[in-house]
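This is run-v1.txt. It holds compact mmCIF, N, CA and C atoms.
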```txt
# COMPACT_ATOMS: atom_id res chain seq x y z
N MET F 248 15.40 24.07 11.93
CA MET F 248 14.01 24.06 12.32
C MET F 248 13.75 22.83 13.19
N ALA F 249 12.96 23.02 14.25
CA ALA F 249 12.67 21.92 15.18
C ALA F 249 11.74 20.90 14.54
N GLU F 250 11.93 19.67 14.94
CA GLU F 250 11.07 18.58 14.47
C GLU F 250 9.66 18.76 15.06
N PRO F 251 8.59 18.65 14.24
CA PRO F 251 7.24 18.79 14.78
C PRO F 251 6.94 17.69 15.80
N VAL F 252 6.20 18.05 16.83
CA VAL F 252 5.81 17.10 17.86
C VAL F 252 4.34 16.76 17.67
N ILE F 253 4.04 15.48 17.50
CA ILE F 253 2.67 15.02 17.37
C ILE F 253 2.14 14.75 18.78
N LEU F 254 1.04 15.42 19.12
CA LEU F 254 0.44 15.26 20.43
C LEU F 254 -0.30 13.93 20.50
N GLU F 255 -0.25 13.30 21.66
CA GLU F 255 -0.86 11.98 21.80
C GLU F 255 -1.78 11.89 23.01
N ASP F 256 -2.45 12.98 23.35
CA ASP F 256 -3.37 12.97 24.49
C ASP F 256 -4.53 12.01 24.20
N ASP F 257 -5.06 11.39 25.24
CA ASP F 257 -6.10 10.38 25.10
C ASP F 257 -7.39 10.89 24.47
N ASP F 258 -7.69 12.18 24.63
CA ASP F 258 -8.96 12.70 24.13
C ASP F 258 -8.89 13.18 22.68
N LEU F 259 -7.73 13.10 22.05
CA LEU F 259 -7.58 13.58 20.68
C LEU F 259 -8.08 12.54 19.67
N PRO F 260 -8.50 13.01 18.48
CA PRO F 260 -8.99 12.08 17.46
C PRO F 260 -7.88 11.14 16.99
N ASP F 261 -8.25 9.91 16.68
CA ASP F 261 -7.27 8.92 16.25
C ASP F 261 -6.84 9.09 14.80
N ASP F 262 -7.67 9.74 13.97
CA ASP F 262 -7.40 9.84 12.54
C ASP F 262 -6.65 11.11 12.13
N VAL F 263 -6.21 11.90 13.12
CA VAL F 263 -5.50 13.15 12.83
C VAL F 263 -4.19 13.16 13.62
N LYS F 264 -3.11 13.49 12.94
CA LYS F 264 -1.83 13.71 13.63
C LYS F 264 -1.87 15.14 14.15
N VAL F 265 -2.21 15.29 15.42
CA VAL F 265 -2.46 16.61 16.01
C VAL F 265 -1.14 17.27 16.40
N LEU F 266 -0.97 18.51 15.92
CA LEU F 266 0.24 19.28 16.20
C LEU F 266 -0.01 20.41 17.20
N ARG F 267 -1.23 20.93 17.22
CA ARG F 267 -1.58 22.02 18.14
C ARG F 267 -3.02 21.85 18.57
N ARG F 268 -3.29 22.26 19.81
CA ARG F 268 -4.66 22.36 20.31
C ARG F 268 -4.78 23.69 21.03
N LEU F 269 -5.78 24.47 20.64
CA LEU F 269 -5.96 25.82 21.16
C LEU F 269 -7.37 25.96 21.72
N PRO F 270 -7.53 26.40 22.96
CA PRO F 270 -8.87 26.53 23.53
C PRO F 270 -9.71 27.55 22.77
N LYS F 271 -10.98 27.22 22.57
CA LYS F 271 -11.94 28.15 21.95
C LYS F 271 -13.01 28.53 22.95
N SER F 272 -13.52 27.57 23.70
CA SER F 272 -14.51 27.81 24.75
C SER F 272 -14.36 26.71 25.79
N SER F 273 -15.29 26.65 26.73
CA SER F 273 -15.17 25.65 27.79
C SER F 273 -15.30 24.22 27.28
N ASN F 274 -15.97 24.01 26.14
CA ASN F 274 -16.12 22.65 25.61
C ASN F 274 -15.67 22.51 24.16
N GLU F 275 -14.92 23.51 23.65
CA GLU F 275 -14.43 23.46 22.27
C GLU F 275 -12.95 23.81 22.19
N GLU F 276 -12.28 23.22 21.19
CA GLU F 276 -10.86 23.50 20.93
C GLU F 276 -10.62 23.56 19.43
N TRP F 277 -9.72 24.44 19.03
CA TRP F 277 -9.19 24.40 17.67
C TRP F 277 -8.11 23.32 17.64
N ILE F 278 -8.17 22.44 16.67
CA ILE F 278 -7.17 21.40 16.49
C ILE F 278 -6.48 21.64 15.15
N VAL F 279 -5.15 21.65 15.16
CA VAL F 279 -4.35 21.78 13.94
C VAL F 279 -3.60 20.49 13.78
N GLY F 280 -3.73 19.87 12.61
CA GLY F 280 -3.05 18.60 12.40
C GLY F 280 -3.04 18.19 10.95
N ILE F 281 -2.61 16.97 10.73
CA ILE F 281 -2.52 16.38 9.40
C ILE F 281 -3.43 15.16 9.37
N ASN F 282 -4.23 15.05 8.31
CA ASN F 282 -5.00 13.83 8.12
C ASN F 282 -4.87 13.37 6.68
N GLU F 283 -5.21 12.13 6.46
CA GLU F 283 -5.14 11.54 5.12
C GLU F 283 -6.55 11.19 4.69
N PHE F 284 -6.85 11.49 3.42
CA PHE F 284 -8.15 11.14 2.86
C PHE F 284 -7.95 10.71 1.42
N ARG F 285 -8.36 9.49 1.12
CA ARG F 285 -8.23 8.93 -0.23
C ARG F 285 -6.82 9.06 -0.78
N GLY F 286 -5.85 8.79 0.06
CA GLY F 286 -4.45 8.78 -0.35
C GLY F 286 -3.79 10.14 -0.44
N ASN F 287 -4.50 11.21 -0.07
CA ASN F 287 -3.95 12.56 -0.10
C ASN F 287 -3.80 13.09 1.32
N ASN F 288 -2.75 13.88 1.54
CA ASN F 288 -2.51 14.49 2.85
C ASN F 288 -3.12 15.89 2.87
N TYR F 289 -3.74 16.22 4.00
CA TYR F 289 -4.37 17.51 4.20
C TYR F 289 -3.94 18.09 5.55
N VAL F 290 -3.79 19.40 5.57
CA VAL F 290 -3.65 20.10 6.84
C VAL F 290 -5.07 20.43 7.27
N GLN F 291 -5.37 20.08 8.50
CA GLN F 291 -6.71 20.31 9.03
C GLN F 291 -6.64 21.34 10.15
N VAL F 292 -7.50 22.34 10.07
CA VAL F 292 -7.69 23.31 11.14
C VAL F 292 -9.19 23.28 11.41
N ARG F 293 -9.58 22.72 12.53
CA ARG F 293 -11.01 22.49 12.78
C ARG F 293 -11.33 22.65 14.25
N VAL F 294 -12.55 23.11 14.52
CA VAL F 294 -13.05 23.16 15.89
C VAL F 294 -13.55 21.76 16.25
N TYR F 295 -13.08 21.28 17.38
CA TYR F 295 -13.57 20.02 17.94
C TYR F 295 -14.30 20.35 19.22
N TYR F 296 -15.30 19.55 19.55
CA TYR F 296 -16.10 19.80 20.75
C TYR F 296 -16.15 18.54 21.62
N ARG F 297 -16.48 18.78 22.86
CA ARG F 297 -16.63 17.69 23.82
C ARG F 297 -18.12 17.42 23.98
N ASP F 298 -18.55 16.22 23.60
CA ASP F 298 -19.95 15.82 23.70
C ASP F 298 -20.31 15.62 25.17
N GLU F 299 -21.44 16.16 25.59
CA GLU F 299 -21.86 16.03 27.00
C GLU F 299 -22.04 14.56 27.39
N LYS F 300 -22.46 13.72 26.45
CA LYS F 300 -22.71 12.31 26.75
C LYS F 300 -21.44 11.48 26.79
N ASP F 301 -20.43 11.89 26.05
CA ASP F 301 -19.21 11.09 25.91
C ASP F 301 -17.99 12.00 26.00
N ASP F 302 -17.42 12.14 27.17
CA ASP F 302 -16.27 13.04 27.38
C ASP F 302 -14.94 12.44 26.95
N ASP F 303 -14.92 11.19 26.51
CA ASP F 303 -13.65 10.52 26.23
C ASP F 303 -12.89 11.10 25.05
N LYS F 304 -13.56 11.43 23.97
CA LYS F 304 -12.88 11.92 22.77
C LYS F 304 -13.49 13.23 22.29
N LEU F 305 -12.65 14.08 21.75
CA LEU F 305 -13.14 15.27 21.07
C LEU F 305 -13.75 14.85 19.75
N LYS F 306 -14.83 15.52 19.34
CA LYS F 306 -15.52 15.20 18.09
C LYS F 306 -15.41 16.39 17.15
N PRO F 307 -15.28 16.15 15.84
CA PRO F 307 -15.13 17.26 14.89
C PRO F 307 -16.42 18.06 14.75
N GLY F 308 -16.28 19.37 14.74
CA GLY F 308 -17.41 20.25 14.50
C GLY F 308 -17.45 20.66 13.03
N ARG F 309 -18.36 21.55 12.71
CA ARG F 309 -18.52 22.00 11.32
C ARG F 309 -17.53 23.10 10.95
N GLN F 310 -17.09 23.87 11.94
CA GLN F 310 -16.18 24.99 11.65
C GLN F 310 -14.78 24.46 11.40
N GLY F 311 -14.20 24.84 10.28
CA GLY F 311 -12.83 24.45 10.01
C GLY F 311 -12.59 24.27 8.53
N MET F 312 -11.41 23.81 8.22
CA MET F 312 -11.05 23.60 6.82
C MET F 312 -9.97 22.54 6.71
N ASN F 313 -9.95 21.88 5.57
CA ASN F 313 -8.89 20.96 5.19
C ASN F 313 -8.20 21.57 3.98
N VAL F 314 -6.88 21.63 4.02
CA VAL F 314 -6.11 22.22 2.92
C VAL F 314 -5.22 21.14 2.34
N HIS F 315 -5.37 20.87 1.05
CA HIS F 315 -4.51 19.90 0.37
C HIS F 315 -3.06 20.38 0.46
N GLU F 316 -2.15 19.45 0.62
CA GLU F 316 -0.75 19.81 0.83
C GLU F 316 -0.19 20.68 -0.29
N GLU F 317 -0.69 20.54 -1.52
CA GLU F 317 -0.19 21.36 -2.62
C GLU F 317 -0.59 22.82 -2.49
N LEU F 318 -1.73 23.09 -1.82
CA LEU F 318 -2.19 24.47 -1.65
C LEU F 318 -1.62 25.15 -0.41
N LEU F 319 -0.98 24.39 0.46
CA LEU F 319 -0.52 24.93 1.72
C LEU F 319 0.41 26.15 1.57
N PRO F 320 1.38 26.14 0.66
CA PRO F 320 2.23 27.35 0.53
C PRO F 320 1.43 28.61 0.18
N GLU F 321 0.41 28.49 -0.67
CA GLU F 321 -0.42 29.64 -1.03
C GLU F 321 -1.25 30.11 0.16
N ILE F 322 -1.80 29.17 0.91
CA ILE F 322 -2.58 29.51 2.10
C ILE F 322 -1.69 30.21 3.12
N LEU F 323 -0.49 29.67 3.35
CA LEU F 323 0.43 30.29 4.31
C LEU F 323 0.83 31.69 3.85
N GLY F 324 1.03 31.87 2.56
CA GLY F 324 1.34 33.20 2.02
C GLY F 324 0.20 34.17 2.27
N GLY F 325 -1.03 33.71 2.07
CA GLY F 325 -2.19 34.55 2.33
C GLY F 325 -2.32 34.91 3.81
N LEU F 326 -2.05 33.93 4.68
CA LEU F 326 -2.09 34.19 6.12
C LEU F 326 -1.00 35.18 6.53
N GLN F 327 0.17 35.08 5.93
CA GLN F 327 1.24 36.03 6.24
C GLN F 327 0.86 37.43 5.77
N ASP F 328 0.25 37.53 4.57
CA ASP F 328 -0.22 38.83 4.09
C ASP F 328 -1.27 39.41 5.03
N ALA F 329 -2.20 38.58 5.51
CA ALA F 329 -3.23 39.04 6.44
C ALA F 329 -2.59 39.49 7.75
N THR F 330 -1.59 38.76 8.22
CA THR F 330 -0.89 39.13 9.45
C THR F 330 -0.21 40.49 9.28
N ASP F 331 0.49 40.67 8.17
CA ASP F 331 1.17 41.93 7.91
C ASP F 331 0.17 43.09 7.86
N LEU F 332 -0.98 42.88 7.22
CA LEU F 332 -2.00 43.93 7.13
C LEU F 332 -2.57 44.25 8.51
N LEU F 333 -2.87 43.21 9.30
CA LEU F 333 -3.40 43.43 10.65
C LEU F 333 -2.43 44.23 11.52
N ILE F 334 -1.15 43.94 11.38
CA ILE F 334 -0.14 44.66 12.17
C ILE F 334 -0.15 46.14 11.84
N SER F 335 -0.43 46.47 10.59
CA SER F 335 -0.40 47.87 10.17
C SER F 335 -1.71 48.61 10.44
N MET F 336 -2.77 47.90 10.87
CA MET F 336 -4.08 48.50 11.08
C MET F 336 -4.28 48.91 12.54
N PRO F 337 -5.16 49.91 12.77
CA PRO F 337 -5.54 50.21 14.15
C PRO F 337 -6.24 48.99 14.75
N ARG F 338 -6.15 48.84 16.07
CA ARG F 338 -6.68 47.64 16.71
C ARG F 338 -8.07 47.85 17.27
N GLY F 339 -8.91 46.88 17.12
CA GLY F 339 -10.15 46.75 17.84
C GLY F 339 -11.27 47.70 17.47
N ARG F 340 -12.37 47.52 18.15
CA ARG F 340 -13.60 48.26 17.92
C ARG F 340 -13.44 49.74 18.20
N GLN F 341 -12.72 50.10 19.25
CA GLN F 341 -12.54 51.51 19.59
C GLN F 341 -11.84 52.25 18.46
N SER F 342 -10.86 51.62 17.83
CA SER F 342 -10.15 52.27 16.72
C SER F 342 -11.08 52.52 15.56
N ARG F 343 -11.97 51.56 15.24
CA ARG F 343 -12.91 51.75 14.14
C ARG F 343 -13.89 52.86 14.47
N ALA F 344 -14.36 52.93 15.72
CA ALA F 344 -15.31 53.98 16.13
C ALA F 344 -14.67 55.36 16.01
N LYS F 345 -13.41 55.49 16.39
CA LYS F 345 -12.71 56.76 16.29
C LYS F 345 -12.59 57.23 14.84
N ASN F 346 -12.49 56.24 13.92
CA ASN F 346 -12.35 56.57 12.51
C ASN F 346 -13.70 56.75 11.83
N GLY F 347 -14.81 56.69 12.59
CA GLY F 347 -16.13 56.89 12.01
C GLY F 347 -16.70 55.65 11.34
N ASN F 348 -16.09 54.50 11.54
CA ASN F 348 -16.55 53.26 10.94
C ASN F 348 -17.04 52.35 12.05
N ASN F 349 -18.35 52.21 12.20
CA ASN F 349 -18.92 51.40 13.27
C ASN F 349 -19.38 50.03 12.81
N SER F 350 -19.06 49.65 11.61
CA SER F 350 -19.54 48.36 11.09
C SER F 350 -18.66 47.21 11.53
```
This entry written out as structure tokens:
Amino acid sequence: MAEPVILEDDDLPDDVKVLRRLPKSSNEEWIVGINEFRGNNYVQVRVYYRDEKDDDKLKPGRQGMNVHEELLPEILGGLQDATDLLISMPRGRQSRAKNGNNS
């Protein structure tokens, strides 16, 4: 397995070891990383935004989650189960409409 690469771009938060950044909108990004709080390590998946007044650093938004390292295997298992289920399902709104489910 490849060694994880910690991103070091100037606009990233200083308190998170950022491993991935994924665009969400023109001024928002999903950030995946590791942070420490009160001596515990957490995996953080959070939306960060660019403040109109201060473009230098991304700021944390309300959307996201911190997962304690002990819960990470269970969360990953749940995500894998969700992925497997999605693969087996019809895709998108058109598929739901064809099946009579418009919700």
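Of the listed residues F:Leu269, F:Leu305, F:Val263, F:Val290, the one whose atoms come nearest to Leu323 (chain F) is F:Val290, with distances taken using only C-alpha atoms.
For the pair atom N of Asp301 (chain F) and atom C of Gly280 (chain F), the interatomic distance is 23.9 Å.
The spacing separating CA of Gly325 (chain F) from atom N of Gly286 (chain F) amounts to 26.1 Å.
Distance-wise, CA of Ala249 (chain F) and atom N of Val279 (chain F) end up 17.8 Å apart.
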Sel. of strand (DSSP E) residues, chain F, as an MDAnalysis selection string: chainID F and resid 264:272 275:284 287:296 306:315
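Residues in contact with Leu266 (chain F) at up to 7 Å, not including ones fewer than 5 positions away on its chain and judged by all atoms listed in the file, are F:Pro251, F:Val252, F:Ile253, F:Leu254, F:Ile278, F:Val279, F:Gly280, F:Ile281.
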Residues from the last selection, N, CA and C atoms, saved as a PDB file, in the frame of the given file:
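Written file, out16.pdb:
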```
ATOM      1  N   PRO F 251       8.590  18.650  14.240  1.00  0.00           N
ATOM      2  CA  PRO F 251       7.240  18.790  14.780  1.00  0.00           C
ATOM      3  C   PRO F 251       6.940  17.690  15.800  1.00  0.00           C
ATOM      4  N   VAL F 252       6.200  18.050  16.830  1.00  0.00           N
ATOM      5  CA  VAL F 252       5.810  17.100  17.860  1.00  0.00           C
ATOM      6  C   VAL F 252       4.340  16.760  17.670  1.00  0.00           C
ATOM      7  N   ILE F 253       4.040  15.480  17.500  1.00  0.00           N
ATOM      8  CA  ILE F 253       2.670  15.020  17.370  1.00  0.00           C
ATOM      9  C   ILE F 253       2.140  14.750  18.780  1.00  0.00           C
ATOM     10  N   LEU F 254       1.040  15.420  19.120  1.00  0.00           N
ATOM     11  CA  LEU F 254       0.440  15.260  20.430  1.00  0.00           C
ATOM     12  C   LEU F 254      -0.300  13.930  20.500  1.00  0.00           C
ATOM     13  N   ILE F 278      -8.170  22.440  16.670  1.00  0.00           N
ATOM     14  CA  ILE F 278      -7.170  21.400  16.490  1.00  0.00           C
ATOM     15  C   ILE F 278      -6.480  21.640  15.150  1.00  0.00           C
ATOM     16  N   VAL F 279      -5.150  21.650  15.160  1.00  0.00           N
ATOM     17  CA  VAL F 279      -4.350  21.780  13.940  1.00  0.00           C
ATOM     18  C   VAL F 279      -3.600  20.490  13.780  1.00  0.00           C
ATOM     19  N   GLY F 280      -3.730  19.870  12.610  1.00  0.00           N
ATOM     20  CA  GLY F 280      -3.050  18.600  12.400  1.00  0.00           C
ATOM     21  C   GLY F 280      -3.040  18.190  10.950  1.00  0.00           C
ATOM     22  N   ILE F 281      -2.610  16.970  10.730  1.00  0.00           N
ATOM     23  CA  ILE F 281      -2.520  16.380   9.400  1.00  0.00           C
ATOM     24  C   ILE F 281      -3.430  15.160   9.370  1.00  0.00           C
TER      25      ILE F 281
END
```
